[in-house]
$ cat start-v5.pdb   # PDB, N, CA and C atoms
ATOM      1  N   MET C   1     148.964 154.155  54.154
ATOM      2  CA  MET C   1     149.982 153.163  53.902
ATOM      3  C   MET C   1     151.343 153.837  53.988
ATOM      4  N   GLU C   2     152.250 153.252  54.715
ATOM      5  CA  GLU C   2     153.615 153.777  54.849
ATOM      6  C   GLU C   2     154.476 153.187  53.735
ATOM      7  N   LEU C   3     154.799 153.978  52.735
ATOM      8  CA  LEU C   3     155.549 153.496  51.572
ATOM      9  C   LEU C   3     157.058 153.607  51.733
ATOM     10  N   SER C   4     157.533 154.378  52.688
ATOM     11  CA  SER C   4     158.972 154.586  52.812
ATOM     12  C   SER C   4     159.707 153.316  53.226
ATOM     13  N   ASN C   5     159.017 152.365  53.821
ATOM     14  CA  ASN C   5     159.648 151.110  54.245
ATOM     15  C   ASN C   5     159.451 149.968  53.260
ATOM     16  N   VAL C   6     158.803 150.245  52.146
ATOM     17  CA  VAL C   6     158.519 149.225  51.145
ATOM     18  C   VAL C   6     159.700 149.133  50.181
ATOM     19  N   SER C   7     160.099 147.908  49.842
ATOM     20  CA  SER C   7     161.229 147.733  48.927
ATOM     21  C   SER C   7     160.904 148.334  47.555
ATOM     22  N   LEU C   8     161.940 148.737  46.870
ATOM     23  CA  LEU C   8     161.807 149.381  45.571
ATOM     24  C   LEU C   8     161.021 148.510  44.595
ATOM     25  N   ASN C   9     161.335 147.234  44.524
ATOM     26  CA  ASN C   9     160.653 146.350  43.580
ATOM     27  C   ASN C   9     159.208 146.082  43.979
ATOM     28  N   ARG C  10     158.893 146.172  45.241
ATOM     29  CA  ARG C  10     157.506 146.009  45.697
ATOM     30  C   ARG C  10     156.670 147.240  45.327
ATOM     31  N   LEU C  11     157.323 148.366  45.110
ATOM     32  CA  LEU C  11     156.600 149.571  44.716
ATOM     33  C   LEU C  11     155.990 149.450  43.318
ATOM     34  N   VAL C  12     156.584 148.605  42.477
ATOM     35  CA  VAL C  12     156.078 148.439  41.109
ATOM     36  C   VAL C  12     154.640 147.908  41.114
ATOM     37  N   PRO C  13     154.360 146.776  41.771
ATOM     38  CA  PRO C  13     152.962 146.329  41.765
ATOM     39  C   PRO C  13     152.029 147.268  42.520
ATOM     40  N   ILE C  14     152.523 147.938  43.535
ATOM     41  CA  ILE C  14     151.679 148.910  44.234
ATOM     42  C   ILE C  14     151.290 150.035  43.283
ATOM     43  N   TYR C  15     152.248 150.512  42.502
ATOM     44  CA  TYR C  15     151.978 151.554  41.502
ATOM     45  C   TYR C  15     150.970 151.062  40.468
ATOM     46  N   LEU C  16     151.209 149.878  39.938
ATOM     47  CA  LEU C  16     150.341 149.350  38.888
ATOM     48  C   LEU C  16     148.931 149.059  39.405
ATOM     49  N   MET C  17     148.838 148.419  40.553
ATOM     50  CA  MET C  17     147.517 148.080  41.090
ATOM     51  C   MET C  17     146.741 149.326  41.515
ATOM     52  N   SER C  18     147.430 150.271  42.152
ATOM     53  CA  SER C  18     146.728 151.493  42.562
ATOM     54  C   SER C  18     146.305 152.302  41.343
ATOM     55  N   SER C  19     147.099 152.295  40.284
ATOM     56  CA  SER C  19     146.717 152.976  39.042
ATOM     57  C   SER C  19     145.491 152.311  38.422
ATOM     58  N   TYR C  20     145.491 151.000  38.397
ATOM     59  CA  TYR C  20     144.333 150.277  37.854
ATOM     60  C   TYR C  20     143.059 150.632  38.627
ATOM     61  N   LEU C  21     143.144 150.566  39.944
ATOM     62  CA  LEU C  21     141.966 150.855  40.756
ATOM     63  C   LEU C  21     141.494 152.298  40.557
ATOM     64  N   TYR C  22     142.425 153.228  40.447
ATOM     65  CA  TYR C  22     142.069 154.641  40.295
ATOM     66  C   TYR C  22     141.511 154.954  38.902
ATOM     67  N   TYR C  23     142.262 154.573  37.869
ATOM     68  CA  TYR C  23     141.896 154.968  36.512
ATOM     69  C   TYR C  23     140.811 154.101  35.881
ATOM     70  N   GLU C  24     140.720 152.860  36.290
ATOM     71  CA  GLU C  24     139.729 151.970  35.694
ATOM     72  C   GLU C  24     138.485 151.787  36.560
ATOM     73  N   LEU C  25     138.647 151.831  37.891
ATOM     74  CA  LEU C  25     137.520 151.563  38.779
ATOM     75  C   LEU C  25     137.133 152.745  39.659
ATOM     76  N   ASP C  26     137.828 153.874  39.482
ATOM     77  CA  ASP C  26     137.525 155.092  40.236
ATOM     78  C   ASP C  26     137.571 154.858  41.749
ATOM     79  N   ASP C  27     138.599 154.149  42.202
ATOM     80  CA  ASP C  27     138.769 153.857  43.627
ATOM     81  C   ASP C  27     140.204 154.203  44.026
ATOM     82  N   SER C  28     140.344 155.091  44.975
ATOM     83  CA  SER C  28     141.679 155.498  45.444
ATOM     84  C   SER C  28     142.072 154.700  46.677
ATOM     85  N   VAL C  29     143.107 153.880  46.545
ATOM     86  CA  VAL C  29     143.640 153.162  47.707
ATOM     87  C   VAL C  29     144.822 153.910  48.308
ATOM     88  N   LEU C  30     145.374 154.855  47.548
ATOM     89  CA  LEU C  30     146.440 155.733  48.025
ATOM     90  C   LEU C  30     145.954 157.168  47.907
ATOM     91  N   ASN C  31     146.353 158.006  48.852
ATOM     92  CA  ASN C  31     146.012 159.422  48.692
ATOM     93  C   ASN C  31     147.012 160.059  47.720
ATOM     94  N   ASP C  32     146.783 161.295  47.341
ATOM     95  CA  ASP C  32     147.630 161.958  46.348
ATOM     96  C   ASP C  32     149.082 162.057  46.791
ATOM     97  N   THR C  33     149.298 162.339  48.059
ATOM     98  CA  THR C  33     150.670 162.446  48.587
ATOM     99  C   THR C  33     151.386 161.106  48.485
ATOM    100  N   GLN C  34     150.708 160.041  48.816
ATOM    101  CA  GLN C  34     151.305 158.709  48.732
ATOM    102  C   GLN C  34     151.630 158.340  47.290
ATOM    103  N   PHE C  35     150.699 158.621  46.384
ATOM    104  CA  PHE C  35     150.931 158.283  44.985
ATOM    105  C   PHE C  35     152.070 159.110  44.404
ATOM    106  N   ASP C  36     152.130 160.384  44.751
ATOM    107  CA  ASP C  36     153.234 161.228  44.289
ATOM    108  C   ASP C  36     154.570 160.720  44.806
ATOM    109  N   TYR C  37     154.602 160.313  46.077
ATOM    110  CA  TYR C  37     155.825 159.754  46.660
ATOM    111  C   TYR C  37     156.233 158.486  45.902
ATOM    112  N   LEU C  38     155.274 157.626  45.649
ATOM    113  CA  LEU C  38     155.516 156.384  44.936
ATOM    114  C   LEU C  38     156.112 156.648  43.562
ATOM    115  N   CYS C  39     155.515 157.564  42.823
ATOM    116  CA  CYS C  39     156.016 157.905  41.484
ATOM    117  C   CYS C  39     157.433 158.474  41.551
ATOM    118  N   LYS C  40     157.665 159.376  42.479
ATOM    119  CA  LYS C  40     158.997 159.985  42.607
ATOM    120  C   LYS C  40     160.049 158.949  42.987
ATOM    121  N   LYS C  41     159.709 158.082  43.909
ATOM    122  CA  LYS C  41     160.664 157.047  44.353
ATOM    123  C   LYS C  41     161.016 156.114  43.193
ATOM    124  N   LEU C  42     160.022 155.699  42.434
ATOM    125  CA  LEU C  42     160.298 154.842  41.281
ATOM    126  C   LEU C  42     161.089 155.593  40.210
ATOM    127  N   TYR C  43     160.710 156.829  39.938
ATOM    128  CA  TYR C  43     161.412 157.625  38.927
ATOM    129  C   TYR C  43     162.879 157.837  39.313
ATOM    130  N   ASP C  44     163.104 158.230  40.551
ATOM    131  CA  ASP C  44     164.468 158.520  41.010
ATOM    132  C   ASP C  44     165.356 157.279  41.060
ATOM    133  N   ASN C  45     164.754 156.110  41.161
ATOM    134  CA  ASN C  45     165.514 154.860  41.285
ATOM    135  C   ASN C  45     165.273 153.918  40.112
ATOM    136  N   TRP C  46     164.845 154.462  38.991
ATOM    137  CA  TRP C  46     164.436 153.677  37.838
ATOM    138  C   TRP C  46     165.467 152.620  37.432
ATOM    139  N   ASP C  47     166.727 152.982  37.402
ATOM    140  CA  ASP C  47     167.761 152.050  36.948
ATOM    141  C   ASP C  47     167.997 150.907  37.930
ATOM    142  N   LYS C  48     167.534 151.038  39.149
ATOM    143  CA  LYS C  48     167.688 149.990  40.158
ATOM    144  C   LYS C  48     166.489 149.037  40.210
ATOM    145  N   VAL C  49     165.400 149.427  39.583
ATOM    146  CA  VAL C  49     164.187 148.612  39.618
ATOM    147  C   VAL C  49     164.375 147.361  38.777
ATOM    148  N   GLU C  50     164.100 146.216  39.372
ATOM    149  CA  GLU C  50     164.171 144.930  38.681
ATOM    150  C   GLU C  50     162.881 144.173  38.989
ATOM    151  N   HIS C  51     161.891 144.381  38.179
ATOM    152  CA  HIS C  51     160.596 143.744  38.386
ATOM    153  C   HIS C  51     160.049 143.303  37.033
ATOM    154  N   MET C  52     159.368 142.184  37.000
ATOM    155  CA  MET C  52     158.879 141.636  35.734
ATOM    156  C   MET C  52     157.858 142.527  35.035
ATOM    157  N   HIS C  53     157.250 143.455  35.750
ATOM    158  CA  HIS C  53     156.272 144.353  35.139
ATOM    159  C   HIS C  53     156.811 145.767  34.907
ATOM    160  N   LYS C  54     158.106 145.951  35.066
ATOM    161  CA  LYS C  54     158.698 147.272  34.865
ATOM    162  C   LYS C  54     158.410 147.797  33.452
ATOM    163  N   HIS C  55     158.399 146.910  32.480
ATOM    164  CA  HIS C  55     158.186 147.324  31.084
ATOM    165  C   HIS C  55     156.809 147.941  30.840
ATOM    166  N   LEU C  56     155.881 147.726  31.762
ATOM    167  CA  LEU C  56     154.537 148.292  31.623
ATOM    168  C   LEU C  56     154.470 149.755  32.060
ATOM    169  N   ILE C  57     155.502 150.209  32.742
ATOM    170  CA  ILE C  57     155.508 151.554  33.313
ATOM    171  C   ILE C  57     156.219 152.519  32.374
ATOM    172  N   ASP C  58     155.577 153.627  32.106
ATOM    173  CA  ASP C  58     156.153 154.695  31.299
ATOM    174  C   ASP C  58     156.845 155.671  32.252
ATOM    175  N   LYS C  59     158.132 155.811  32.094
ATOM    176  CA  LYS C  59     158.896 156.684  32.988
ATOM    177  C   LYS C  59     158.373 158.127  32.949
ATOM    178  N   ALA C  60     157.892 158.567  31.806
ATOM    179  CA  ALA C  60     157.323 159.920  31.702
ATOM    180  C   ALA C  60     156.075 160.053  32.584
ATOM    181  N   ASN C  61     155.297 158.978  32.700
ATOM    182  CA  ASN C  61     154.138 158.999  33.595
ATOM    183  C   ASN C  61     154.576 159.140  35.046
ATOM    184  N   LEU C  62     155.656 158.469  35.399
ATOM    185  CA  LEU C  62     156.161 158.599  36.770
ATOM    186  C   LEU C  62     156.543 160.042  37.050
ATOM    187  N   LYS C  63     157.237 160.656  36.103
ATOM    188  CA  LYS C  63     157.660 162.043  36.287
ATOM    189  C   LYS C  63     156.456 162.972  36.429
ATOM    190  N   ALA C  64     155.383 162.651  35.705
ATOM    191  CA  ALA C  64     154.164 163.464  35.759
ATOM    192  C   ALA C  64     153.277 163.108  36.954
ATOM    193  N   GLY C  65     153.632 162.034  37.660
ATOM    194  CA  GLY C  65     152.805 161.610  38.788
ATOM    195  C   GLY C  65     151.498 160.985  38.348
ATOM    196  N   SER C  66     151.560 160.240  37.244
ATOM    197  CA  SER C  66     150.359 159.657  36.659
ATOM    198  C   SER C  66     150.547 158.159  36.416
ATOM    199  N   GLY C  67     149.441 157.454  36.395
ATOM    200  CA  GLY C  67     149.439 156.046  36.023
ATOM    201  C   GLY C  67     148.450 155.805  34.903
ATOM    202  N   TYR C  68     148.165 156.842  34.131
ATOM    203  CA  TYR C  68     147.170 156.761  33.065
ATOM    204  C   TYR C  68     147.736 156.036  31.850
ATOM    205  N   GLY C  69     146.896 155.238  31.196
ATOM    206  CA  GLY C  69     147.264 154.628  29.925
ATOM    207  C   GLY C  69     148.053 153.338  30.031
ATOM    208  N   ILE C  70     148.109 152.733  31.185
ATOM    209  CA  ILE C  70     148.849 151.482  31.370
ATOM    210  C   ILE C  70     148.057 150.328  30.765
ATOM    211  N   GLN C  71     148.756 149.402  30.140
ATOM    212  CA  GLN C  71     148.149 148.174  29.658
ATOM    213  C   GLN C  71     148.275 147.133  30.780
ATOM    214  N   TYR C  72     147.186 146.868  31.462
ATOM    215  CA  TYR C  72     147.211 146.011  32.643
ATOM    216  C   TYR C  72     147.129 144.538  32.258
ATOM    217  N   THR C  73     147.930 143.734  32.925
ATOM    218  CA  THR C  73     147.854 142.285  32.750
ATOM    219  C   THR C  73     146.751 141.738  33.652
ATOM    220  N   ASN C  74     146.349 140.510  33.399
ATOM    221  CA  ASN C  74     145.361 139.863  34.258
ATOM    222  C   ASN C  74     145.873 139.754  35.689
ATOM    223  N   MET C  75     147.164 139.502  35.840
ATOM    224  CA  MET C  75     147.754 139.392  37.170
ATOM    225  C   MET C  75     147.594 140.704  37.948
ATOM    226  N   ILE C  76     147.840 141.810  37.288
ATOM    227  CA  ILE C  76     147.709 143.118  37.935
ATOM    228  C   ILE C  76     146.249 143.390  38.297
ATOM    229  N   MET C  77     145.358 143.134  37.361
ATOM    230  CA  MET C  77     143.943 143.403  37.619
ATOM    231  C   MET C  77     143.411 142.527  38.757
ATOM    232  N   CYS C  78     143.733 141.255  38.738
ATOM    233  CA  CYS C  78     143.268 140.353  39.803
ATOM    234  C   CYS C  78     143.887 140.733  41.147
ATOM    235  N   GLY C  79     145.164 141.060  41.129
ATOM    236  CA  GLY C  79     145.826 141.494  42.358
ATOM    237  C   GLY C  79     145.207 142.770  42.906
ATOM    238  N   ALA C  80     144.879 143.694  42.016
ATOM    239  CA  ALA C  80     144.268 144.959  42.436
ATOM    240  C   ALA C  80     142.893 144.719  43.047
ATOM    241  N   LEU C  81     142.120 143.858  42.441
ATOM    242  CA  LEU C  81     140.790 143.560  42.970
ATOM    243  C   LEU C  81     140.873 142.879  44.330
ATOM    244  N   SER C  82     141.842 142.006  44.484
ATOM    245  CA  SER C  82     142.054 141.344  45.775
ATOM    246  C   SER C  82     142.473 142.363  46.832
ATOM    247  N   TRP C  83     143.383 143.267  46.456
ATOM    248  CA  TRP C  83     143.842 144.322  47.361
ATOM    249  C   TRP C  83     142.673 145.223  47.753
ATOM    250  N   GLN C  84     141.859 145.592  46.777
ATOM    251  CA  GLN C  84     140.695 146.438  47.036
ATOM    252  C   GLN C  84     139.747 145.768  48.026
ATOM    253  N   LYS C  85     139.489 144.499  47.812
ATOM    254  CA  LYS C  85     138.594 143.756  48.714
ATOM    255  C   LYS C  85     139.180 143.676  50.112
ATOM    256  N   HIS C  86     140.469 143.400  50.174
ATOM    257  CA  HIS C  86     141.143 143.308  51.472
ATOM    258  C   HIS C  86     141.140 144.654  52.185
ATOM    259  N   MET C  87     141.454 145.709  51.440
ATOM    260  CA  MET C  87     141.462 147.054  52.029
ATOM    261  C   MET C  87     140.086 147.418  52.568
ATOM    262  N   SER C  88     139.074 147.038  51.851
ATOM    263  CA  SER C  88     137.710 147.337  52.273
ATOM    264  C   SER C  88     137.381 146.661  53.599
ATOM    265  N   SER C  89     137.769 145.402  53.745
ATOM    266  CA  SER C  89     137.453 144.692  54.990
ATOM    267  C   SER C  89     138.351 145.143  56.136
ATOM    268  N   VAL C  90     139.618 145.410  55.869
ATOM    269  CA  VAL C  90     140.539 145.847  56.926
ATOM    270  C   VAL C  90     140.194 147.245  57.399
ATOM    271  N   THR C  91     139.871 148.124  56.466
ATOM    272  CA  THR C  91     139.545 149.505  56.828
ATOM    273  C   THR C  91     138.347 149.538  57.766
ATOM    274  N   THR C  92     137.350 148.735  57.475
ATOM    275  CA  THR C  92     136.172 148.745  58.338
ATOM    276  C   THR C  92     136.456 148.104  59.688
ATOM    277  N   GLN C  93     137.424 147.194  59.749
ATOM    278  CA  GLN C  93     137.724 146.500  60.998
ATOM    279  C   GLN C  93     138.804 147.176  61.833
ATOM    280  N   GLN C  94     139.877 147.659  61.175
ATOM    281  CA  GLN C  94     141.047 148.078  61.937
ATOM    282  C   GLN C  94     141.592 149.446  61.574
ATOM    283  N   GLY C  95     141.172 150.044  60.517
ATOM    284  CA  GLY C  95     141.726 151.319  60.090
ATOM    285  C   GLY C  95     142.563 151.176  58.850
ATOM    286  N   ASP C  96     142.804 152.277  58.189
ATOM    287  CA  ASP C  96     143.439 152.328  56.871
ATOM    288  C   ASP C  96     144.831 151.747  56.807
ATOM    289  N   GLU C  97     145.650 151.930  57.812
ATOM    290  CA  GLU C  97     147.059 151.525  57.743
ATOM    291  C   GLU C  97     147.302 150.075  58.150
ATOM    292  N   ALA C  98     146.347 149.424  58.743
ATOM    293  CA  ALA C  98     146.575 148.134  59.383
ATOM    294  C   ALA C  98     146.956 147.020  58.419
ATOM    295  N   TRP C  99     146.468 147.018  57.212
ATOM    296  CA  TRP C  99     146.678 145.878  56.318
ATOM    297  C   TRP C  99     148.135 145.651  55.953
ATOM    298  N   TYR C 100     148.934 146.687  55.944
ATOM    299  CA  TYR C 100     150.276 146.567  55.393
ATOM    300  C   TYR C 100     151.358 146.416  56.457
ATOM    301  N   LYS C 101     150.995 146.447  57.721
ATOM    302  CA  LYS C 101     151.988 146.351  58.789
ATOM    303  C   LYS C 101     152.400 144.927  59.026
TER     304      LYS C 101
END

$ encode --input "start-v5.pdb" --output "structure tokens"
Amino acid sequence: MELSNVSLNRLVPIYLMSSYLYYELDDSVLNDTQFDYLCKKLYDNWDKVEHMHKHLIDKANLKAGSGYGIQYTNMIMCGALSWQKHMSSVTTQQGDEAWYK
């Protein structure tokens, strides 16, 4: 997934959903480099982030490159499961990067 072209506020649900899938379901939708980039981008631009789920993110976790210990909402969990299902079908059909283009 190419994260450099994703808007800052769109990175929030990507962070939350990928953290949910990784820490709760043991499924990585982002590789370590992508997740580290995501955390750094959010951390470095924290004051510019305007997203309804920003309050769920611990800035110290971003600095550590972690998404552990988040209290996930139903919206995040359902969105993550939908993303996981979509990624699974797209990956088998078109390759890893195709879903987000």

$ resolve_selection --input "start-v5.pdb" --expression "the PyMOL selection byres (((chain C and resi 45 and name CA) around 12) and name CA)" --output "mmCIF file with N, CA and C atoms, keeping the file's coordinate frame"
data_model
loop_
_atom_site.group_PDB
_atom_site.id
_atom_site.type_symbol
_atom_site.label_atom_id
_atom_site.label_comp_id
_atom_site.auth_asym_id
_atom_site.auth_seq_id
_atom_site.Cartn_x
_atom_site.Cartn_y
_atom_site.Cartn_z
ATOM 1 N N SER C 7 160.099 147.908 49.842
ATOM 2 C CA SER C 7 161.229 147.733 48.927
ATOM 3 C C SER C 7 160.904 148.334 47.555
ATOM 4 N N LEU C 8 161.940 148.737 46.870
ATOM 5 C CA LEU C 8 161.807 149.381 45.571
ATOM 6 C C LEU C 8 161.021 148.510 44.595
ATOM 7 N N ASN C 9 161.335 147.234 44.524
ATOM 8 C CA ASN C 9 160.653 146.350 43.580
ATOM 9 C C ASN C 9 159.208 146.082 43.979
ATOM 10 N N LEU C 11 157.323 148.366 45.110
ATOM 11 C CA LEU C 11 156.600 149.571 44.716
ATOM 12 C C LEU C 11 155.990 149.450 43.318
ATOM 13 N N VAL C 12 156.584 148.605 42.477
ATOM 14 C CA VAL C 12 156.078 148.439 41.109
ATOM 15 C C VAL C 12 154.640 147.908 41.114
ATOM 16 N N LEU C 38 155.274 157.626 45.649
ATOM 17 C CA LEU C 38 155.516 156.384 44.936
ATOM 18 C C LEU C 38 156.112 156.648 43.562
ATOM 19 N N CYS C 39 155.515 157.564 42.823
ATOM 20 C CA CYS C 39 156.016 157.905 41.484
ATOM 21 C C CYS C 39 157.433 158.474 41.551
ATOM 22 N N LYS C 40 157.665 159.376 42.479
ATOM 23 C CA LYS C 40 158.997 159.985 42.607
ATOM 24 C C LYS C 40 160.049 158.949 42.987
ATOM 25 N N LYS C 41 159.709 158.082 43.909
ATOM 26 C CA LYS C 41 160.664 157.047 44.353
ATOM 27 C C LYS C 41 161.016 156.114 43.193
ATOM 28 N N LEU C 42 160.022 155.699 42.434
ATOM 29 C CA LEU C 42 160.298 154.842 41.281
ATOM 30 C C LEU C 42 161.089 155.593 40.210
ATOM 31 N N TYR C 43 160.710 156.829 39.938
ATOM 32 C CA TYR C 43 161.412 157.625 38.927
ATOM 33 C C TYR C 43 162.879 157.837 39.313
ATOM 34 N N ASP C 44 163.104 158.230 40.551
ATOM 35 C CA ASP C 44 164.468 158.520 41.010
ATOM 36 C C ASP C 44 165.356 157.279 41.060
ATOM 37 N N TRP C 46 164.845 154.462 38.991
ATOM 38 C CA TRP C 46 164.436 153.677 37.838
ATOM 39 C C TRP C 46 165.467 152.620 37.432
ATOM 40 N N ASP C 47 166.727 152.982 37.402
ATOM 41 C CA ASP C 47 167.761 152.050 36.948
ATOM 42 C C ASP C 47 167.997 150.907 37.930
ATOM 43 N N LYS C 48 167.534 151.038 39.149
ATOM 44 C CA LYS C 48 167.688 149.990 40.158
ATOM 45 C C LYS C 48 166.489 149.037 40.210
ATOM 46 N N VAL C 49 165.400 149.427 39.583
ATOM 47 C CA VAL C 49 164.187 148.612 39.618
ATOM 48 C C VAL C 49 164.375 147.361 38.777
ATOM 49 N N GLU C 50 164.100 146.216 39.372
ATOM 50 C CA GLU C 50 164.171 144.930 38.681
ATOM 51 C C GLU C 50 162.881 144.173 38.989
ATOM 52 N N LYS C 59 158.132 155.811 32.094
ATOM 53 C CA LYS C 59 158.896 156.684 32.988
ATOM 54 C C LYS C 59 158.373 158.127 32.949
ATOM 55 N N LEU C 62 155.656 158.469 35.399
ATOM 56 C CA LEU C 62 156.161 158.599 36.770
ATOM 57 C C LEU C 62 156.543 160.042 37.050
ATOM 58 N N LYS C 63 157.237 160.656 36.103
ATOM 59 C CA LYS C 63 157.660 162.043 36.287
ATOM 60 C C LYS C 63 156.456 162.972 36.429
#

$ atom_distance --input "start-v5.pdb" --atom1 "atom N of Met75 (chain C)" --atom2 "atom C of Met52 (chain C)"
11.1 Å

$ closest_residue --input "start-v5.pdb" --among "C:Asp27, C:Leu3, C:Leu21, C:Phe35" --to "Ser66 (chain C)" --atoms "only C-alpha atoms"
C:Phe35

$ select_by_dssp --input "start-v5.pdb" --residues "chain C" --states "helix (DSSP H, G or I)" --output "ChimeraX atom specification"
/C:8-25,32-44,46-48,54-56,59-64,74-94,98-100

$ atom_distance --input "start-v5.pdb" --atom1 "atom N of Glu2 (chain C)" --atom2 "CA of Ile76 (chain C)"
20.1 Å
